[in-house]
file my_file01.cif (mmCIF, C-alpha atoms and all ligand atoms)
data_run
#
loop_
_atom_site.group_PDB
_atom_site.id
_atom_site.type_symbol
_atom_site.label_atom_id
_atom_site.label_comp_id
_atom_site.auth_asym_id
_atom_site.auth_seq_id
_atom_site.Cartn_x
_atom_site.Cartn_y
_atom_site.Cartn_z
ATOM 1 C CA MET A 1 8.170 -15.306 17.334
ATOM 2 C CA ILE A 2 9.452 -12.058 18.888
ATOM 3 C CA ASP A 3 9.032 -11.871 22.665
ATOM 4 C CA ASP A 4 9.277 -8.103 23.145
ATOM 5 C CA TYR A 5 5.541 -7.435 23.476
ATOM 6 C CA ASN A 6 3.139 -7.805 26.411
ATOM 7 C CA THR A 7 -0.215 -7.829 24.605
ATOM 8 C CA ILE A 8 0.437 -9.363 21.162
ATOM 9 C CA ARG A 9 2.561 -11.996 19.458
ATOM 10 C CA VAL A 10 4.688 -10.974 16.468
ATOM 11 C CA LYS A 11 6.207 -13.166 13.759
ATOM 12 C CA PRO A 12 8.346 -11.494 11.056
ATOM 13 C CA LEU A 13 7.425 -12.545 7.524
ATOM 14 C CA GLY A 14 10.548 -11.582 5.572
ATOM 15 C CA GLY A 15 14.042 -10.280 6.205
ATOM 16 C CA ALA A 16 13.283 -6.774 4.953
ATOM 17 C CA LEU A 17 9.716 -6.061 6.039
ATOM 18 C CA GLY A 18 6.416 -7.549 7.130
ATOM 19 C CA ALA A 19 5.220 -9.120 10.376
ATOM 20 C CA GLU A 20 2.178 -11.120 11.339
ATOM 21 C CA ILE A 21 0.494 -10.108 14.592
ATOM 22 C CA SER A 22 -1.586 -12.584 16.589
ATOM 23 C CA GLY A 23 -3.245 -12.628 19.998
ATOM 24 C CA ILE A 24 -5.557 -9.773 19.092
ATOM 25 C CA ASP A 25 -9.261 -9.597 18.239
ATOM 26 C CA LEU A 26 -10.031 -6.616 16.026
ATOM 27 C CA ASN A 27 -13.764 -7.213 16.398
ATOM 28 C CA GLU A 28 -13.282 -5.857 19.937
ATOM 29 C CA ALA A 29 -12.354 -2.255 20.748
ATOM 30 C CA ILE A 30 -8.648 -2.869 21.310
ATOM 31 C CA PRO A 31 -7.133 -1.261 24.421
ATOM 32 C CA ASP A 32 -4.646 1.614 24.056
ATOM 33 C CA GLU A 33 -1.720 -0.479 25.350
ATOM 34 C CA GLN A 34 -2.329 -3.055 22.623
ATOM 35 C CA LEU A 35 -2.667 -0.357 19.962
ATOM 36 C CA THR A 36 0.633 1.160 21.108
ATOM 37 C CA GLU A 37 2.354 -2.182 20.593
ATOM 38 C CA VAL A 38 0.706 -2.663 17.186
ATOM 39 C CA ARG A 39 1.965 0.809 16.229
ATOM 40 C CA GLN A 40 5.499 -0.166 17.221
ATOM 41 C CA VAL A 41 5.322 -3.229 14.978
ATOM 42 C CA PHE A 42 3.894 -1.142 12.118
ATOM 43 C CA GLY A 43 6.771 1.340 12.488
ATOM 44 C CA GLN A 44 9.419 -1.360 12.550
ATOM 45 C CA TYR A 45 8.097 -3.757 9.884
ATOM 46 C CA ALA A 46 6.230 -1.309 7.561
ATOM 47 C CA VAL A 47 3.481 -3.828 6.741
ATOM 48 C CA ILE A 48 1.548 -5.843 9.310
ATOM 49 C CA PHE A 49 -0.817 -8.768 8.898
ATOM 50 C CA PHE A 50 -3.611 -10.288 10.971
ATOM 51 C CA ARG A 51 -5.391 -13.624 10.468
ATOM 52 C CA ASN A 52 -8.890 -14.945 11.217
ATOM 53 C CA GLN A 53 -10.475 -11.568 11.885
ATOM 54 C CA ASN A 54 -13.676 -11.634 9.720
ATOM 55 C CA LEU A 55 -14.628 -8.051 10.579
ATOM 56 C CA THR A 56 -17.977 -6.421 9.949
ATOM 57 C CA PRO A 57 -17.729 -3.216 7.859
ATOM 58 C CA GLU A 58 -18.426 -1.222 11.046
ATOM 59 C CA ASN A 59 -15.471 -2.861 12.794
ATOM 60 C CA GLU A 60 -13.221 -2.391 9.749
ATOM 61 C CA ILE A 61 -14.024 1.312 9.946
ATOM 62 C CA ARG A 62 -13.577 1.423 13.732
ATOM 63 C CA PHE A 63 -10.110 -0.168 13.519
ATOM 64 C CA ALA A 64 -9.098 2.124 10.639
ATOM 65 C CA LYS A 65 -10.153 5.236 12.542
ATOM 66 C CA ARG A 66 -7.719 4.410 15.346
ATOM 67 C CA TRP A 67 -4.955 5.354 12.867
ATOM 68 C CA GLY A 68 -6.343 8.592 11.470
ATOM 69 C CA GLU A 69 -8.974 10.006 9.183
ATOM 70 C CA ILE A 70 -10.294 7.820 6.393
ATOM 71 C CA ASN A 71 -9.713 8.912 2.801
ATOM 72 C CA THR A 72 -12.847 8.232 0.748
ATOM 73 C CA ASN A 73 -11.552 6.813 -2.533
ATOM 74 C CA ARG A 74 -12.355 8.887 -5.608
ATOM 75 C CA PHE A 75 -11.809 6.176 -8.181
ATOM 76 C CA PHE A 76 -12.828 2.784 -6.776
ATOM 77 C CA SER A 77 -16.359 1.476 -6.354
ATOM 78 C CA SER A 78 -17.325 1.249 -2.700
ATOM 79 C CA VAL A 79 -19.100 -1.246 -0.489
ATOM 80 C CA GLU A 80 -22.820 -0.461 -0.558
ATOM 81 C CA GLY A 81 -23.717 1.792 2.369
ATOM 82 C CA TYR A 82 -20.048 2.313 3.302
ATOM 83 C CA PRO A 83 -18.443 4.949 1.063
ATOM 84 C CA GLN A 84 -15.276 4.839 3.228
ATOM 85 C CA ILE A 85 -14.646 1.218 2.181
ATOM 86 C CA ALA A 86 -13.362 0.802 -1.372
ATOM 87 C CA LEU A 87 -13.983 -2.460 -3.204
ATOM 88 C CA VAL A 88 -10.985 -4.219 -4.713
ATOM 89 C CA VAL A 89 -12.654 -6.984 -6.669
ATOM 90 C CA LYS A 90 -11.977 -9.231 -9.641
ATOM 91 C CA GLU A 91 -14.767 -11.443 -10.954
ATOM 92 C CA PRO A 92 -14.119 -14.872 -12.543
ATOM 93 C CA ASP A 93 -14.760 -13.487 -16.053
ATOM 94 C CA GLN A 94 -12.459 -10.464 -15.637
ATOM 95 C CA LYS A 95 -8.838 -10.545 -16.761
ATOM 96 C CA ASN A 96 -7.301 -7.397 -15.261
ATOM 97 C CA ASN A 97 -6.872 -6.920 -11.542
ATOM 98 C CA ILE A 98 -6.508 -3.717 -9.552
ATOM 99 C CA GLY A 99 -2.999 -2.825 -8.397
ATOM 100 C CA GLY A 100 -1.272 -5.491 -10.485
ATOM 101 C CA SER A 101 2.049 -3.671 -10.839
ATOM 102 C CA TRP A 102 4.349 -1.988 -8.309
ATOM 103 C CA HIS A 103 2.971 1.219 -6.856
ATOM 104 C CA THR A 104 2.542 3.348 -3.754
ATOM 105 C CA ASP A 105 -1.060 4.335 -3.057
ATOM 106 C CA HIS A 106 -1.849 8.052 -3.402
ATOM 107 C CA SER A 107 1.688 9.291 -4.067
ATOM 108 C CA TYR A 108 -0.010 11.772 -6.440
ATOM 109 C CA ASP A 109 -1.658 13.587 -3.498
ATOM 110 C CA THR A 110 0.022 16.596 -1.889
ATOM 111 C CA ALA A 111 -0.532 14.882 1.474
ATOM 112 C CA PRO A 112 -0.126 11.212 0.459
ATOM 113 C CA ALA A 113 -1.913 8.475 2.366
ATOM 114 C CA LEU A 114 -0.334 7.217 5.584
ATOM 115 C CA GLY A 115 -1.338 3.662 4.831
ATOM 116 C CA SER A 116 -3.898 1.298 3.368
ATOM 117 C CA MET A 117 -5.752 -1.614 4.937
ATOM 118 C CA LEU A 118 -6.970 -4.573 2.934
ATOM 119 C CA PHE A 119 -9.542 -6.962 4.397
ATOM 120 C CA ALA A 120 -9.940 -10.311 2.597
ATOM 121 C CA HIS A 121 -13.577 -11.355 2.133
ATOM 122 C CA GLU A 122 -13.278 -13.827 -0.738
ATOM 123 C CA VAL A 123 -10.022 -15.273 -2.035
ATOM 124 C CA PRO A 124 -9.108 -17.816 -4.700
ATOM 125 C CA VAL A 125 -8.140 -21.343 -3.618
ATOM 126 C CA SER A 126 -4.618 -20.529 -4.766
ATOM 127 C CA GLY A 127 -2.929 -17.398 -6.067
ATOM 128 C CA GLY A 128 -3.912 -13.769 -5.553
ATOM 129 C CA ASP A 129 -1.054 -13.031 -3.128
ATOM 130 C CA THR A 130 0.170 -9.497 -2.494
ATOM 131 C CA VAL A 131 3.879 -8.661 -2.592
ATOM 132 C CA PHE A 132 5.399 -5.763 -0.661
ATOM 133 C CA ALA A 133 8.801 -4.082 -1.026
ATOM 134 C CA SER A 134 10.687 -2.079 1.598
ATOM 135 C CA MET A 135 11.632 1.423 0.507
ATOM 136 C CA TYR A 136 13.762 1.760 3.655
ATOM 137 C CA ARG A 137 15.857 -1.176 2.508
ATOM 138 C CA ALA A 138 15.919 0.152 -1.057
ATOM 139 C CA TYR A 139 17.336 3.455 0.175
ATOM 140 C CA ASP A 140 19.728 2.018 2.764
ATOM 141 C CA THR A 141 21.438 -0.225 0.201
ATOM 142 C CA LEU A 142 22.256 2.526 -2.329
ATOM 143 C CA SER A 143 25.809 3.870 -2.567
ATOM 144 C CA ASP A 144 26.655 7.026 -0.627
ATOM 145 C CA GLY A 145 27.173 8.825 -3.958
ATOM 146 C CA LEU A 146 23.716 7.999 -5.286
ATOM 147 C CA LYS A 147 22.128 8.723 -1.898
ATOM 148 C CA SER A 148 23.640 12.166 -1.963
ATOM 149 C CA THR A 149 22.468 12.837 -5.562
ATOM 150 C CA LEU A 150 18.940 11.649 -4.751
ATOM 151 C CA GLY A 151 18.905 13.741 -1.585
ATOM 152 C CA ASN A 152 18.820 16.873 -3.772
ATOM 153 C CA LEU A 153 16.036 15.697 -6.086
ATOM 154 C CA ARG A 154 12.290 15.928 -6.008
ATOM 155 C CA ALA A 155 9.927 13.934 -8.237
ATOM 156 C CA ARG A 156 6.634 14.588 -10.033
ATOM 157 C CA HIS A 157 3.759 12.209 -9.346
ATOM 158 C CA SER A 158 0.369 12.070 -11.081
ATOM 159 C CA SER A 159 -2.949 10.201 -11.019
ATOM 160 C CA VAL A 160 -3.909 11.284 -14.537
ATOM 161 C CA HIS A 161 -2.235 8.540 -16.613
ATOM 162 C CA VAL A 162 -3.602 5.819 -14.312
ATOM 163 C CA PHE A 163 -7.127 6.944 -13.449
ATOM 164 C CA GLY A 164 -7.838 9.625 -16.105
ATOM 165 C CA ALA A 165 -9.666 9.576 -19.425
ATOM 166 C CA ALA A 166 -6.916 7.679 -21.256
ATOM 167 C CA ARG A 167 -7.514 4.686 -19.003
ATOM 168 C CA ALA A 168 -11.298 4.917 -19.367
ATOM 169 C CA GLU A 169 -10.913 4.825 -23.155
ATOM 170 C CA LYS A 170 -8.784 1.662 -23.143
ATOM 171 C CA GLY A 171 -11.020 -0.966 -24.740
ATOM 172 C CA ASN A 172 -9.088 -3.954 -23.432
ATOM 173 C CA ASP A 173 -8.972 -2.936 -19.783
ATOM 174 C CA ASP A 174 -11.832 -4.551 -17.901
ATOM 175 C CA THR A 175 -11.079 -2.717 -14.648
ATOM 176 C CA VAL A 176 -13.140 0.043 -16.321
ATOM 177 C CA GLY A 177 -16.381 0.016 -14.315
ATOM 178 C CA ARG A 178 -14.579 -1.069 -11.173
ATOM 179 C CA ILE A 179 -12.438 2.061 -11.505
ATOM 180 C CA LYS A 180 -14.542 5.157 -12.151
ATOM 181 C CA ASN A 181 -14.677 8.981 -12.232
ATOM 182 C CA PRO A 182 -11.878 9.621 -14.749
ATOM 183 C CA GLU A 183 -12.763 13.329 -14.581
ATOM 184 C CA ALA A 184 -11.654 13.314 -10.922
ATOM 185 C CA ALA A 185 -8.101 12.295 -11.897
ATOM 186 C CA THR A 186 -6.502 15.727 -11.608
ATOM 187 C CA GLN A 187 -4.010 15.158 -8.791
ATOM 188 C CA GLU A 188 -0.360 16.030 -9.362
ATOM 189 C CA ALA A 189 2.213 16.454 -6.639
ATOM 190 C CA ILE A 190 5.926 16.953 -6.135
ATOM 191 C CA HIS A 191 7.699 15.143 -3.275
ATOM 192 C CA PRO A 192 11.333 14.652 -2.261
ATOM 193 C CA VAL A 193 12.840 11.499 -3.796
ATOM 194 C CA VAL A 194 14.167 10.613 -0.367
ATOM 195 C CA ILE A 195 11.717 11.325 2.416
ATOM 196 C CA ILE A 196 12.195 11.329 6.165
ATOM 197 C CA HIS A 197 9.448 9.117 7.482
ATOM 198 C CA PRO A 198 7.234 11.343 9.683
ATOM 199 C CA GLU A 199 6.998 8.803 12.517
ATOM 200 C CA THR A 200 10.125 6.622 12.400
ATOM 201 C CA GLY A 201 12.549 9.333 11.231
ATOM 202 C CA ARG A 202 14.110 6.806 8.807
ATOM 203 C CA LYS A 203 15.012 7.691 5.210
ATOM 204 C CA SER A 204 12.843 6.047 2.569
ATOM 205 C CA LEU A 205 12.990 6.039 -1.235
ATOM 206 C CA TYR A 206 9.825 7.754 -2.438
ATOM 207 C CA VAL A 207 9.396 7.112 -6.178
ATOM 208 C CA ASN A 208 7.261 4.329 -7.646
ATOM 209 C CA PRO A 209 6.590 2.839 -11.093
ATOM 210 C CA GLY A 210 2.830 3.420 -10.846
ATOM 211 C CA PHE A 211 2.564 7.147 -10.329
ATOM 212 C CA THR A 212 5.989 8.828 -10.621
ATOM 213 C CA LEU A 213 6.507 10.660 -13.933
ATOM 214 C CA GLY A 214 10.008 12.077 -13.539
ATOM 215 C CA PHE A 215 12.291 14.327 -11.545
ATOM 216 C CA GLU A 216 11.479 17.967 -10.995
ATOM 217 C CA GLY A 217 13.264 20.054 -13.641
ATOM 218 C CA TRP A 218 14.072 16.950 -15.738
ATOM 219 C CA SER A 219 12.051 15.704 -18.726
ATOM 220 C CA ASP A 220 10.350 12.300 -18.483
ATOM 221 C CA GLU A 221 12.905 10.927 -20.993
ATOM 222 C CA GLU A 222 15.848 12.258 -18.988
ATOM 223 C CA SER A 223 14.367 10.830 -15.793
ATOM 224 C CA LYS A 224 13.667 7.384 -17.207
ATOM 225 C CA PRO A 225 17.125 5.743 -16.974
ATOM 226 C CA LEU A 226 17.670 6.723 -13.343
ATOM 227 C CA LEU A 227 14.099 5.832 -12.363
ATOM 228 C CA GLU A 228 14.444 2.465 -14.069
ATOM 229 C CA TYR A 229 17.666 1.811 -12.196
ATOM 230 C CA LEU A 230 15.955 2.660 -8.902
ATOM 231 C CA TYR A 231 12.904 0.527 -9.740
ATOM 232 C CA ALA A 232 15.006 -2.537 -10.579
ATOM 233 C CA HIS A 233 17.040 -2.016 -7.405
ATOM 234 C CA ALA A 234 13.980 -1.540 -5.150
ATOM 235 C CA ALA A 235 12.210 -4.645 -6.479
ATOM 236 C CA ARG A 236 15.087 -7.006 -5.600
ATOM 237 C CA PRO A 237 13.547 -10.138 -4.048
ATOM 238 C CA GLU A 238 15.499 -9.719 -0.810
ATOM 239 C CA PHE A 239 13.748 -6.374 -0.218
ATOM 240 C CA THR A 240 10.287 -7.945 -0.517
ATOM 241 C CA CYS A 241 7.845 -10.172 1.321
ATOM 242 C CA ARG A 242 4.849 -12.023 -0.056
ATOM 243 C CA PHE A 243 1.539 -12.488 1.763
ATOM 244 C CA GLN A 244 -0.783 -15.397 1.060
ATOM 245 C CA TRP A 245 -4.369 -14.460 1.817
ATOM 246 C CA LYS A 246 -7.078 -16.424 3.556
ATOM 247 C CA GLU A 247 -10.575 -15.153 4.209
ATOM 248 C CA GLY A 248 -10.445 -13.006 7.329
ATOM 249 C CA SER A 249 -6.824 -11.923 6.732
ATOM 250 C CA ILE A 250 -5.918 -8.256 6.964
ATOM 251 C CA ALA A 251 -2.869 -6.406 5.650
ATOM 252 C CA PHE A 252 -2.048 -2.861 6.695
ATOM 253 C CA TRP A 253 0.874 -1.240 4.881
ATOM 254 C CA ASP A 254 2.734 2.008 5.352
ATOM 255 C CA ASN A 255 2.641 3.920 2.079
ATOM 256 C CA ARG A 256 5.615 6.065 3.142
ATOM 257 C CA ALA A 257 7.863 3.015 3.397
ATOM 258 C CA THR A 258 6.580 0.381 0.961
ATOM 259 C CA TRP A 259 5.481 -0.490 -2.542
ATOM 260 C CA HIS A 260 2.975 -3.251 -3.212
ATOM 261 C CA LEU A 261 1.735 -5.361 -6.108
ATOM 262 C CA ALA A 262 -1.304 -7.669 -6.362
ATOM 263 C CA VAL A 263 -0.327 -10.866 -8.203
ATOM 264 C CA ASN A 264 -2.820 -11.590 -11.004
ATOM 265 C CA ASP A 265 -2.506 -15.384 -11.242
ATOM 266 C CA TYR A 266 -6.013 -16.624 -10.437
ATOM 267 C CA GLN A 267 -7.909 -16.340 -13.723
ATOM 268 C CA GLY A 268 -11.427 -17.779 -13.457
ATOM 269 C CA SER A 269 -11.715 -17.246 -9.687
ATOM 270 C CA ARG A 270 -13.214 -14.426 -7.657
ATOM 271 C CA ARG A 271 -11.199 -12.272 -5.256
ATOM 272 C CA MET A 272 -12.999 -9.622 -3.212
ATOM 273 C CA MET A 273 -11.297 -7.347 -0.734
ATOM 274 C CA HIS A 274 -12.334 -4.256 1.212
ATOM 275 C CA ARG A 275 -9.810 -1.435 1.279
ATOM 276 C CA ILE A 276 -9.636 1.506 3.653
ATOM 277 C CA THR A 277 -7.023 4.213 3.177
ATOM 278 C CA ILE A 278 -5.823 6.427 6.016
ATOM 279 C CA GLU A 279 -5.024 10.079 5.343
ATOM 280 C CA GLY A 280 -1.413 11.204 5.710
ATOM 281 C CA THR A 281 0.555 14.442 5.900
ATOM 282 C CA PRO A 282 2.794 16.312 3.432
ATOM 283 C CA LEU A 283 6.220 14.674 3.105
ATOM 284 C CA SER A 284 9.632 16.233 3.596
HETATM 285 C C1 LIG A 301 -4.121 -2.416 -4.073
HETATM 286 O O1 LIG A 301 -3.229 -2.073 -4.827
HETATM 287 O O2 LIG A 301 -4.581 -1.661 -3.231
HETATM 288 C C2 LIG A 301 -4.655 -3.819 -4.159
HETATM 289 C C3 LIG A 301 -3.760 -4.800 -3.511
HETATM 290 C C4 LIG A 301 -4.334 -6.181 -3.572
HETATM 291 O O3 LIG A 301 -5.464 -6.366 -4.033
HETATM 292 O O4 LIG A 301 -3.664 -7.097 -3.136
#
call {"tool": "encode", "arguments": {"input": "my_file01.cif", "output": "structure tokens"}}
result
Amino acid sequence: MIDDYNTIRVKPLGGALGAEISGIDLNEAIPDEQLTEVRQVFGQYAVIFFRNQNLTPENEIRFAKRWGEINTNRFFSSVEGYPQIALVVKEPDQKNNIGGSWHTDHSYDTAPALGSMLFAHEVPVSGGDTVFASMYRAYDTLSDGLKSTLGNLRARHSSVHVFGAARAEKGNDDTVGRIKNPEAATQEAIHPVVIIHPETGRKSLYVNPGFTLGFEGWSDEESKPLLEYLYAHAARPEFTCRFQWKEGSIAFWDNRATWHLAVNDYQGSRRMMHRITIEGTPLS
């Protein structure tokens, strides 16, 4: 437990990122002093977790709005009556989950999302964890030579190959129906490969296996070897932490500093989460 805070208790989850915050009730309107401390933990640990919260949709939205505007998801189904809350669900008879490989939410947007919140409503008895990786740590541990090469590069990101028509046509993908509006998958964006985090000022590696296509001015084939090197490096276990869900748990991750992956190891069980995404700003 870290003792530096007056209004919350903080327990780091891994060596590279992640911290669990306790001593807070998100069903109440949290005071500004407490929010300031939560923000400090979010900045330092890049993904924060809360337990035993069991929020109503109204209180999920109220907490999310303390961080910025809500991005209404174009592709996910939403909770009935709450278009701001996306549904991340897998039924017992479905095989594919949502977010089952490494990615950074919304990197295909010109102003990518600040962060995403996941609220656990129904979880399997075992399995269904989420793994996070620190893109600060990934960057910091590169050689000076590669850092300097990457510092001059920008990368192309797209939503089309993930959410577009090609996905909708895939017969064996049963996330079709949970993921919709393939015609809305038109987003393409170019961002620096190394970004300066807008709040912490730290350098972070900003490419991801889900949505990055290649480097600006390079073909996809030319980009592939270097991207694959970076992906293998960034996914090293010592740069990650793994969160085991219980009903009422919440995770809130910083999309400018992390990747995440939902482990799909609970076939035959239901997992149902609410997700709210917070709008961000253009990256530099
Ligand atoms: C996501 O990628 O947003 C889903 C993560 C999860 O379900 O754990």
call {"tool": "resolve_selection", "arguments": {"input": "my_file01.cif", "expression": "the PyMOL selection byres (((chain A and resi 119) around 9) and not hetatm)", "output": "VMD selection string"}}
result
chain A and resid 53 to 55 60 117 to 118 120 to 121 247 to 252 272 to 276
call {"tool": "write_last_selection", "arguments": {"input": "my_file01.cif", "atoms": "C-alpha atoms", "output": "compact mmCIF listing (two decimals), in the coordinates of the input"}}
result
# COMPACT_ATOMS: atom_id res chain seq x y z
CA GLN A 53 -10.48 -11.57 11.88
CA ASN A 54 -13.68 -11.63 9.72
CA LEU A 55 -14.63 -8.05 10.58
CA GLU A 60 -13.22 -2.39 9.75
CA MET A 117 -5.75 -1.61 4.94
CA LEU A 118 -6.97 -4.57 2.93
CA ALA A 120 -9.94 -10.31 2.60
CA HIS A 121 -13.58 -11.36 2.13
CA GLU A 247 -10.58 -15.15 4.21
CA GLY A 248 -10.44 -13.01 7.33
CA SER A 249 -6.82 -11.92 6.73
CA ILE A 250 -5.92 -8.26 6.96
CA ALA A 251 -2.87 -6.41 5.65
CA PHE A 252 -2.05 -2.86 6.70
CA MET A 272 -13.00 -9.62 -3.21
CA MET A 273 -11.30 -7.35 -0.73
CA HIS A 274 -12.33 -4.26 1.21
CA ARG A 275 -9.81 -1.44 1.28
CA ILE A 276 -9.64 1.51 3.65
call {"tool": "residues_around", "arguments": {"input": "my_file01.cif", "residues": "segment 79-95 of chain A", "least_positions_apart": "6", "cutoff": "9 Å", "atoms": "all atoms listed in the file", "output": "list in words"}}
result
Pro57, Glu58, Glu60, Ile61, Ile70, Asn71, Thr72, Asn73, Leu118, Asp173, Asp174, Thr175, Arg178, Asn264, Tyr266, Gln267, Gly268, Ser269, Arg270, Arg271, Met272, Met273, His274, Arg275, Ile276 and Thr277 of chain A
call {"tool": "axis_aligned_box", "arguments": {"input": "my_file01.cif", "around": "segment 142-156 of chain A", "padding_each_side": "8 Å", "output": "lines of an AutoDock Vina configuration file"}}
result
center_x = 16.9
center_y = 9.7
center_z = -5.3
size_x = 36.5
size_y = 30.3
size_z = 25.4
call {"tool": "residues_around", "arguments": {"input": "my_file01.cif", "residues": "segment 122-135 of chain A", "least_positions_apart": "3", "cutoff": "7 Å", "atoms": "all atoms listed in the file", "output": "PyMOL selection string"}}
result
chain A and resi 16-17+138-139+204-205+234-235+239-247+257-266+269-273
call {"tool": "residues_around", "arguments": {"input": "my_file01.cif", "residues": "segment 206-216 of chain A", "least_positions_apart": "2", "cutoff": "9 Å", "atoms": "all atoms listed in the file", "output": "PyMOL selection string"}}
result
chain A and resi 99+101-108+135+153-162+190-195+204+218-224+227-228+230-231+256-259
call {"tool": "closest_residue", "arguments": {"input": "my_file01.cif", "among": "A:Phe75, A:Gly115, A:Asn255, A:Gly280", "to": "Thr186 of chain A", "atoms": "only C-alpha atoms"}}
result
A:Phe75
call {"tool": "resolve_selection", "arguments": {"input": "my_file01.cif", "expression": "the PyMOL selection byres (((chain A and resi 22) around 9) and not hetatm)", "output": "PyMOL selection string"}}
result
chain A and resi 8-11+20-21+23-25+49-51
call {"tool": "residues_near_point", "arguments": {"input": "my_file01.cif", "point": "(-13.7, 3.6, -8.7)", "cutoff": "7 Å", "atoms": "all atoms listed in the file", "output": "PyMOL selection string"}}
result
chain A and resi 74-77+178-181
call {"tool": "atom_distance", "arguments": {"input": "my_file01.cif", "atom1": "atom CA of Gln44 of chain A", "atom2": "atom CA of Ala19 of chain A"}}
result
9.1 Å
call {"tool": "resolve_selection", "arguments": {"input": "my_file01.cif", "expression": "the PyMOL selection byres (((chain A and resi 199) around 12) and not hetatm)", "output": "ChimeraX atom specification"}}
result
/A:39-40,42-44,46,114,195-198,200-204,254,256-257,280-281,283-284
call {"tool": "write_last_selection", "arguments": {"input": "my_file01.cif", "atoms": "C-alpha atoms", "output": "short mmCIF file (atom, residue, chain, number, x, y, z; two decimals), keeping the file's coordinate frame"}}
result
data_model
loop_
_atom_site.label_atom_id
_atom_site.label_comp_id
_atom_site.auth_asym_id
_atom_site.auth_seq_id
_atom_site.Cartn_x
_atom_site.Cartn_y
_atom_site.Cartn_z
CA ARG A 39 1.96 0.81 16.23
CA GLN A 40 5.50 -0.17 17.22
CA PHE A 42 3.89 -1.14 12.12
CA GLY A 43 6.77 1.34 12.49
CA GLN A 44 9.42 -1.36 12.55
CA ALA A 46 6.23 -1.31 7.56
CA LEU A 114 -0.33 7.22 5.58
CA ILE A 195 11.72 11.32 2.42
CA ILE A 196 12.20 11.33 6.16
CA HIS A 197 9.45 9.12 7.48
CA PRO A 198 7.23 11.34 9.68
CA THR A 200 10.12 6.62 12.40
CA GLY A 201 12.55 9.33 11.23
CA ARG A 202 14.11 6.81 8.81
CA LYS A 203 15.01 7.69 5.21
CA SER A 204 12.84 6.05 2.57
CA ASP A 254 2.73 2.01 5.35
CA ARG A 256 5.62 6.06 3.14
CA ALA A 257 7.86 3.02 3.40
CA GLY A 280 -1.41 11.20 5.71
CA THR A 281 0.56 14.44 5.90
CA LEU A 283 6.22 14.67 3.10
CA SER A 284 9.63 16.23 3.60
#
call {"tool": "closest_residue", "arguments": {"input": "my_file01.cif", "among": "A:Ser143, A:Ser148, A:Asn97, A:Thr110", "to": "ligand LIG 301 (chain A)", "atoms": "all atoms listed in the file"}}
result
A:Asn97
call {"tool": "atom_distance", "arguments": {"input": "my_file01.cif", "atom1": "atom CA of Tyr136 of chain A", "atom2": "atom CA of Glu33 of chain A"}}
result
26.7 Å
call {"tool": "closest_residue", "arguments": {"input": "my_file01.cif", "among": "A:Val38, A:Val47, A:Ile98, A:Leu26", "to": "ligand LIG 301 (chain A)", "atoms": "all atoms listed in the file"}}
result
A:Ile98
call {"tool": "closest_residue", "arguments": {"input": "my_file01.cif", "among": "A:Leu226, A:Asn96, A:Asn152, A:Pro282", "to": "ligand LIG 301 (chain A)", "atoms": "only C-alpha atoms and all ligand atoms"}}
result
A:Asn96
